[in-house]
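Q: Sharing protein-v8.txt here; it has compact mmCIF, C-alpha atoms and all ligand atoms.
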# COMPACT_ATOMS: atom_id res chain seq x y z
CA MET A 26 155.08 94.16 82.07
CA THR A 27 153.34 92.50 79.10
CA ARG A 28 150.81 94.53 77.23
CA SER A 29 147.69 92.58 76.29
CA ILE A 30 146.28 93.36 72.88
CA ILE A 31 142.52 93.44 72.68
CA ARG A 32 141.40 92.45 69.21
CA CYS A 33 137.90 93.10 68.07
CA CYS A 34 135.95 92.69 64.86
CA SER A 35 135.32 95.75 62.78
CA VAL A 36 131.91 96.87 61.58
CA GLN A 37 131.16 95.35 58.14
CA ASP A 38 129.33 96.84 55.17
CA SER A 39 126.63 94.13 55.42
CA THR A 40 126.06 94.85 59.14
CA VAL A 41 125.30 98.48 58.39
CA ALA A 42 123.00 97.61 55.47
CA ASP A 43 121.06 95.22 57.76
CA HIS A 44 119.99 98.22 59.82
CA PHE A 45 118.02 99.56 56.87
CA SER A 46 114.99 97.38 56.18
CA GLY A 47 111.82 98.15 54.27
CA VAL A 48 111.54 99.57 50.78
CA VAL A 49 111.85 103.23 51.73
CA ALA A 50 114.74 102.68 54.15
CA VAL A 51 116.67 100.62 51.58
CA ASP A 52 115.99 103.20 48.87
CA PHE A 53 117.12 106.00 51.18
CA PHE A 54 120.26 104.05 52.12
CA ARG A 55 121.13 103.50 48.44
CA THR A 56 120.65 107.20 47.71
CA MET A 57 122.66 108.58 50.59
CA VAL A 58 125.38 105.98 50.82
CA GLY A 59 128.05 105.49 48.15
CA LYS A 60 131.31 103.52 48.11
CA TRP A 61 132.37 101.69 51.29
CA LEU A 62 135.44 103.37 52.83
CA GLY A 63 136.02 101.16 55.84
CA GLY A 64 134.77 99.77 59.12
CA GLY A 65 136.08 100.50 62.61
CA ILE A 66 135.26 99.45 66.14
CA GLY A 67 131.88 101.11 66.14
CA ARG A 68 131.21 102.63 62.75
CA GLY A 69 130.84 101.81 59.08
CA VAL A 70 132.05 104.58 56.79
CA TYR A 71 130.94 105.37 53.23
CA VAL A 72 131.28 108.11 50.66
CA LEU A 73 128.19 110.31 50.91
CA GLY A 74 126.02 109.42 47.90
CA THR A 75 125.14 113.03 47.10
CA ASP A 76 128.60 114.56 47.59
CA PRO A 77 131.81 112.50 47.15
CA SER A 78 133.89 115.07 49.05
CA LEU A 79 132.10 113.97 52.23
CA ALA A 80 132.02 110.75 54.25
CA VAL A 81 129.01 109.38 56.12
CA LYS A 82 129.82 107.53 59.34
CA ILE A 83 127.08 105.20 60.59
CA GLU A 84 127.45 104.00 64.16
CA THR A 85 125.88 100.57 64.62
CA ARG A 86 127.39 99.40 67.92
CA SER A 87 125.54 100.09 71.15
CA HIS A 88 127.29 102.04 73.91
CA SER A 89 129.63 103.49 71.33
CA PHE A 90 129.37 107.25 71.16
CA GLN A 91 132.20 108.12 68.82
CA ASN A 92 130.10 110.13 66.37
CA ILE A 93 128.89 112.32 69.20
CA SER A 94 132.37 112.59 70.67
CA GLU A 95 133.87 113.67 67.31
CA TRP A 96 131.09 116.17 66.77
CA GLU A 97 131.70 117.66 70.23
CA VAL A 98 135.48 117.82 69.80
CA TRP A 99 135.19 119.47 66.41
CA ASN A 100 132.69 122.08 67.61
CA ASP A 101 134.57 122.82 70.83
CA LEU A 102 137.76 123.49 68.88
CA LYS A 103 135.89 125.64 66.37
CA ASN A 104 134.16 127.65 69.09
CA MET A 105 137.48 128.18 70.87
CA ASN A 106 138.95 129.49 67.57
CA ASN A 107 141.78 127.07 68.22
CA ASP A 108 143.28 127.17 64.71
CA SER A 109 146.51 125.46 65.71
CA ALA A 110 144.55 122.43 66.93
CA HIS A 111 141.56 122.20 64.63
CA LYS A 112 143.68 122.05 61.45
CA TRP A 113 144.64 118.52 62.60
CA PHE A 114 141.07 117.19 62.40
CA ALA A 115 138.71 116.25 59.57
CA PRO A 116 135.83 118.74 59.90
CA CYS A 117 132.42 117.45 60.98
CA HIS A 118 129.50 119.00 59.08
CA TYR A 119 126.31 117.42 60.39
CA ILE A 120 125.12 114.97 63.03
CA SER A 121 121.72 113.30 63.15
CA PRO A 122 119.46 113.94 66.17
CA CYS A 123 120.46 110.71 67.95
CA GLY A 124 124.06 110.71 66.74
CA ALA A 125 123.96 107.50 64.69
CA VAL A 126 124.88 109.36 61.47
CA LEU A 127 127.76 111.80 61.15
CA ILE A 128 128.82 113.67 58.01
CA GLN A 129 132.54 114.45 57.93
CA SER A 130 134.96 115.70 55.28
CA ARG A 131 136.29 112.76 53.30
CA THR A 132 140.00 112.16 53.66
CA LYS A 133 142.23 110.33 51.18
CA PRO A 134 144.58 107.51 52.24
CA LEU A 135 148.29 108.29 52.45
CA ASP A 136 151.31 106.06 52.24
CA LYS A 137 153.01 105.16 55.54
CA SER A 138 156.21 106.81 54.29
CA ARG A 139 154.43 110.20 54.33
CA PHE A 140 153.46 110.13 58.01
CA PRO A 141 155.33 112.89 59.89
CA ASP A 142 157.94 112.23 62.56
CA LYS A 143 156.29 114.61 64.99
CA MET A 144 152.64 115.07 65.87
CA PRO A 145 150.79 117.25 68.41
CA SER A 146 151.22 115.85 71.90
CA PHE A 147 147.43 115.63 72.44
CA PHE A 148 147.21 112.72 69.97
CA THR A 149 147.63 109.56 72.03
CA ASP A 150 146.16 107.09 69.51
CA LEU A 151 148.64 107.29 66.63
CA LYS A 152 147.33 104.48 64.45
CA TYR A 153 147.96 104.99 60.75
CA GLN A 154 144.33 104.09 60.07
CA ASN A 155 143.06 107.01 62.18
CA PHE A 156 144.51 109.59 59.79
CA GLY A 157 144.14 110.66 56.16
CA MET A 158 144.91 113.53 53.81
CA LEU A 159 142.69 116.55 53.35
CA ASN A 160 143.71 119.58 51.27
CA GLY A 161 147.36 118.56 51.41
CA ARG A 162 147.44 118.12 55.19
CA ILE A 163 147.41 115.05 57.41
CA VAL A 164 144.30 115.08 59.61
CA ALA A 165 142.67 112.74 62.10
CA HIS A 166 139.38 111.24 60.89
CA ASP A 167 138.95 108.91 63.87
CA TYR A 168 139.07 111.00 67.03
CA GLY A 169 136.04 109.68 68.90
CA TYR A 170 138.23 108.04 71.56
CA ASN A 171 140.63 110.65 72.84
CA ARG A 172 142.23 112.19 75.90
CA PHE A 173 141.91 115.80 74.81
CA VAL A 174 139.98 116.80 77.93
CA HIS A 175 142.86 115.57 80.10
CA LEU A 176 145.73 116.73 77.96
CA GLY A 177 144.36 119.94 76.48
CA ALA A 178 144.71 120.88 72.81
CA THR A 179 148.13 122.50 73.09
CA ALA A 180 150.46 123.37 70.22
CA ARG A 181 153.18 121.16 71.74
CA MET A 182 154.59 118.46 69.45
CA ARG A 183 156.06 115.07 70.32
CA VAL A 184 157.85 112.29 68.50
CA ALA A 185 155.18 110.15 66.78
CA ASN A 186 155.21 106.38 67.43
CA TRP A 187 152.93 105.28 64.59
CA CYS A 188 151.35 101.81 64.79
CA ASP A 189 148.72 99.71 63.02
CA ASP A 190 145.11 99.25 64.08
CA ASP A 191 144.54 95.73 65.51
CA THR A 192 140.85 95.73 64.63
CA THR A 193 140.28 92.85 62.20
N1 LIG B 201 136.38 111.09 57.11
C1 LIG B 201 136.80 109.97 56.52
N2 LIG B 201 137.18 109.96 55.21
C2 LIG B 201 137.60 108.82 54.60
N3 LIG B 201 137.67 107.62 55.22
C3 LIG B 201 137.30 107.58 56.53
C4 LIG B 201 136.85 108.73 57.24
N4 LIG B 201 136.57 108.36 58.51
C5 LIG B 201 136.83 107.06 58.58
N5 LIG B 201 137.27 106.56 57.40
C6 LIG B 201 137.63 105.15 57.08
O1 LIG B 201 136.75 104.28 57.77
C7 LIG B 201 137.49 103.48 58.71
C8 LIG B 201 136.65 103.34 59.98
O2 LIG B 201 136.36 104.63 60.50
P1 LIG B 201 136.73 105.04 62.00
O3 LIG B 201 136.51 106.50 62.14
O4 LIG B 201 138.11 104.53 62.31
O5 LIG B 201 135.65 104.22 62.80
P2 LIG B 201 135.74 103.66 64.31
O6 LIG B 201 135.73 104.87 65.18
O7 LIG B 201 134.52 102.84 64.46
O8 LIG B 201 137.02 102.89 64.46
C9 LIG B 201 138.82 104.21 58.91
O9 LIG B 201 139.86 103.34 59.26
C10 LIG B 201 139.05 104.82 57.54
O10 LIG B 201 139.57 103.85 56.64
MG MG B 202 138.90 103.44 63.91
Now that the file is in, can you turn its structure into structure tokens?
Ligand SMILES: Nc1ncnc2c1ncn2[C@@H]1O[C@H](COP(=O)(O)OP(=O)(O)O)[C@@H](O)[C@H]1O
Ligand SMILES: [Mg+2]

A:
Amino acid sequence: MTRSIIRCCSVQDSTVADHFSGVVAVDFFRTMVGKWLGGGIGRGVYVLGTDPSLAVKIETRSHSFQNISEWEVWNDLKNMNNDSAHKWFAPCHYISPCGAVLIQSRTKPLDKSRFPDKMPSFFTDLKYQNFGMLNGRIVAHDYGYNRFVHLGATARMRVANWCDDDTT
């Protein structure tokens, strides 16, 4: 069976900036938003202007609820005291009332050679671009789309088939 690859354009820095119009909104944007870190399917990601250890994720696509999903996953794991699972995720610190803005710990990129051979079995989307380094550990920073509800956050590990993100 052939597997069709769906390619889609990533969110661009300029697209996010376009959402902030008017003097006050532009000024606020320039204060809160620092260096561009990258764009994904639904979100543009920047260093938080007031604290470079944090990332601000701005969701500009409609019917894309990844900020909310990440926030929910992070808080569920925290409330369950599931240490073995939550150490694999970049912590979420704040979400705006409507979910368009999420503040998350900032991860650092890591070389492909440092990706582990085994990862928890609940990670089904093992794209290099979904992970980064935080405090010496590899963590997921893109976990909005997931199958955790179906698979459960178990401690089981599986062989990791890492691949690249096809978003252009
Ligand atoms: N917490 C973070 N720290 C540092 N960079 C991040 C963080 N979250 C995302 N990024 C960067 O931004 C890019 C897009 O973010 P991502 O979470 O993948 O958005 P989307 O869910 O829209 O695909 C990532 O590929 C990564 O390079
Ligand atoms: Mg992504």

Q: Would you kindly return, as a ChimeraX atom specification, each protein, DNA or RNA residue with an atom no farther than 10 Å from any atom of Phe90 of chain A, considering all atoms listed in the file and excluding same-chain residues fewer than 2 positions away?

A: /A:67-68,84-88,92-95,124-125,169-170

Q: For ligand LIG 201 (chain B), return the neighbouring residues as number ranges by chain (distance at most 9 Å; only C-alpha atoms and all ligand atoms).

A: A: 35-36, 61-72, 78-86, 89, 91-92, 115-117, 128-134, 153-159, 165-170, 190, 192

Q: Need the axis-aligned box for segment 46-55 of chain A with 8 Å each side, so what are the centre and edges in Å to one decimal, as JSON?

A:
{"center_x": 116.3, "center_y": 101.7, "center_z": 52.3, "size_x": 25.6, "size_y": 24.6, "size_z": 23.7}

Q: May I ask which of the residues A:Pro141, A:Gly74, A:Gly59, A:Gly47 is the closest one to Arg183 of chain A, counting only C-alpha atoms?

A: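 Counting only C-alpha atoms, the residue closest to Arg183 of chain A is A:Pro141.
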
Q: Quick one: of A:Phe173, A:Ile120, A:Asn186, A:Arg162, who's nearest to Met144 of chain A, counting all atoms listed in the file?

A: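 Selected residue with least distance to Met144 of chain A: A:Asn186.
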
Q: What does the distance between atom CA of Gln37 of chain A and atom MG of ligand MG 202 (chain B) come to in Å, to one decimal place?

A: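 Rounded to one decimal, the two atoms are 12.6 Å apart.
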
Q: Pick the closest to Phe53 of chain A from A:Trp96, A:Leu73, A:Cys188, A:Lys103: which is it, counting all atoms listed in the file?

A: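 Of A:Trp96, A:Leu73, A:Cys188, A:Lys103, the one nearest Phe53 of chain A is A:Leu73, counting all atoms listed in the file.
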
Q: For atom CA of Ser146 of chain A and atom CA of Gly177 of chain A, determine how far apart the two atoms are, in Å to one decimal place.

A: 9.2 Å

Q: Using only C-alpha atoms and all ligand atoms, can you tell me which of A:Cys34, A:Val51, A:Leu127, A:Ala180 comes closest to ligand MG 202 (chain B)?

A: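 Closest to ligand MG 202 (chain B) of all the choices is A:Cys34.
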
Q: Please measure the separation of atom CA of Trp187 of chain A and atom CA of Val164 of chain A, giving the value in Å to one decimal.

A: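 Separating atom CA of Trp187 of chain A from atom CA of Val164 of chain A is a distance of 14.0 Å.
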
Q: Using only C-alpha atoms, pick whichever of A:Ala110, A:Ser46, A:Met182, A:Lys60 has the shortest atom-to-atom distance to Asp76 of chain A.

A: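 Checking each candidate against Asp76 of chain A, we get A:Lys60 as the closest.
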
Q: Leaving out Leu176 of chain A and any residue of its chain fewer than 4 positions from it, which residues lie within 10 Å of it when counting all atoms listed in the file, given as a ChimeraX atom specification?

A: /A:146-149,171-172

Q: With C-alpha atoms retained, write the just-selected residues as a compact mmCIF listing (two decimals), in the coordinates of the input.

A:
# COMPACT_ATOMS: atom_id res chain seq x y z
CA SER A 146 151.22 115.85 71.90
CA PHE A 147 147.43 115.63 72.44
CA PHE A 148 147.21 112.72 69.97
CA THR A 149 147.63 109.56 72.03
CA ASN A 171 140.63 110.65 72.84
CA ARG A 172 142.23 112.19 75.90

Q: Starting from the sparse input, extend segment 143-160 of chain A to N, CA and C atoms and give the output as a PDB file, in the frame of the given file.

A:
ATOM      1  N   LYS A 143     156.814 113.982  63.767  1.00  0.00           N
ATOM      2  CA  LYS A 143     156.290 114.610  64.990  1.00  0.00           C
ATOM      3  C   LYS A 143     154.825 114.945  64.803  1.00  0.00           C
ATOM      4  N   MET A 144     154.079 114.762  65.894  1.00  0.00           N
ATOM      5  CA  MET A 144     152.640 115.070  65.870  1.00  0.00           C
ATOM      6  C   MET A 144     152.305 115.817  67.157  1.00  0.00           C
ATOM      7  N   PRO A 145     151.178 116.556  67.175  1.00  0.00           N
ATOM      8  CA  PRO A 145     150.790 117.250  68.410  1.00  0.00           C
ATOM      9  C   PRO A 145     150.714 116.277  69.578  1.00  0.00           C
ATOM     10  N   SER A 146     151.131 116.756  70.741  1.00  0.00           N
ATOM     11  CA  SER A 146     151.220 115.850  71.900  1.00  0.00           C
ATOM     12  C   SER A 146     149.857 115.374  72.378  1.00  0.00           C
ATOM     13  N   PHE A 147     148.760 116.070  71.963  1.00  0.00           N
ATOM     14  CA  PHE A 147     147.430 115.630  72.440  1.00  0.00           C
ATOM     15  C   PHE A 147     146.929 114.383  71.715  1.00  0.00           C
ATOM     16  N   PHE A 148     147.603 113.961  70.631  1.00  0.00           N
ATOM     17  CA  PHE A 148     147.210 112.720  69.970  1.00  0.00           C
ATOM     18  C   PHE A 148     147.881 111.538  70.677  1.00  0.00           C
ATOM     19  N   THR A 149     147.046 110.703  71.313  1.00  0.00           N
ATOM     20  CA  THR A 149     147.630 109.560  72.030  1.00  0.00           C
ATOM     21  C   THR A 149     147.399 108.266  71.243  1.00  0.00           C
ATOM     22  N   ASP A 150     146.529 108.303  70.246  1.00  0.00           N
ATOM     23  CA  ASP A 150     146.160 107.090  69.510  1.00  0.00           C
ATOM     24  C   ASP A 150     146.697 107.223  68.078  1.00  0.00           C
ATOM     25  N   LEU A 151     148.011 107.027  67.930  1.00  0.00           N
ATOM     26  CA  LEU A 151     148.640 107.290  66.630  1.00  0.00           C
ATOM     27  C   LEU A 151     148.644 106.042  65.748  1.00  0.00           C
ATOM     28  N   LYS A 152     147.434 105.593  65.414  1.00  0.00           N
ATOM     29  CA  LYS A 152     147.330 104.480  64.450  1.00  0.00           C
ATOM     30  C   LYS A 152     147.255 105.094  63.061  1.00  0.00           C
ATOM     31  N   TYR A 153     147.991 104.489  62.131  1.00  0.00           N
ATOM     32  CA  TYR A 153     147.960 104.990  60.750  1.00  0.00           C
ATOM     33  C   TYR A 153     146.523 105.146  60.257  1.00  0.00           C
ATOM     34  N   GLN A 154     145.700 104.152  60.617  1.00  0.00           N
ATOM     35  CA  GLN A 154     144.330 104.090  60.070  1.00  0.00           C
ATOM     36  C   GLN A 154     143.435 105.209  60.603  1.00  0.00           C
ATOM     37  N   ASN A 155     143.879 105.924  61.623  1.00  0.00           N
ATOM     38  CA  ASN A 155     143.060 107.010  62.180  1.00  0.00           C
ATOM     39  C   ASN A 155     143.249 108.329  61.440  1.00  0.00           C
ATOM     40  N   PHE A 156     144.146 108.336  60.452  1.00  0.00           N
ATOM     41  CA  PHE A 156     144.510 109.590  59.790  1.00  0.00           C
ATOM     42  C   PHE A 156     144.395 109.471  58.279  1.00  0.00           C
ATOM     43  N   GLY A 157     144.186 110.613  57.625  1.00  0.00           N
ATOM     44  CA  GLY A 157     144.140 110.660  56.160  1.00  0.00           C
ATOM     45  C   GLY A 157     144.566 112.039  55.696  1.00  0.00           C
ATOM     46  N   MET A 158     144.509 112.237  54.383  1.00  0.00           N
ATOM     47  CA  MET A 158     144.910 113.530  53.810  1.00  0.00           C
ATOM     48  C   MET A 158     143.681 114.353  53.444  1.00  0.00           C
ATOM     49  N   LEU A 159     143.756 115.634  53.745  1.00  0.00           N
ATOM     50  CA  LEU A 159     142.690 116.550  53.350  1.00  0.00           C
ATOM     51  C   LEU A 159     143.339 117.888  52.982  1.00  0.00           C
ATOM     52  N   ASN A 160     143.122 118.318  51.747  1.00  0.00           N
ATOM     53  CA  ASN A 160     143.710 119.580  51.270  1.00  0.00           C
ATOM     54  C   ASN A 160     145.213 119.663  51.541  1.00  0.00           C
TER      55      ASN A 160
END
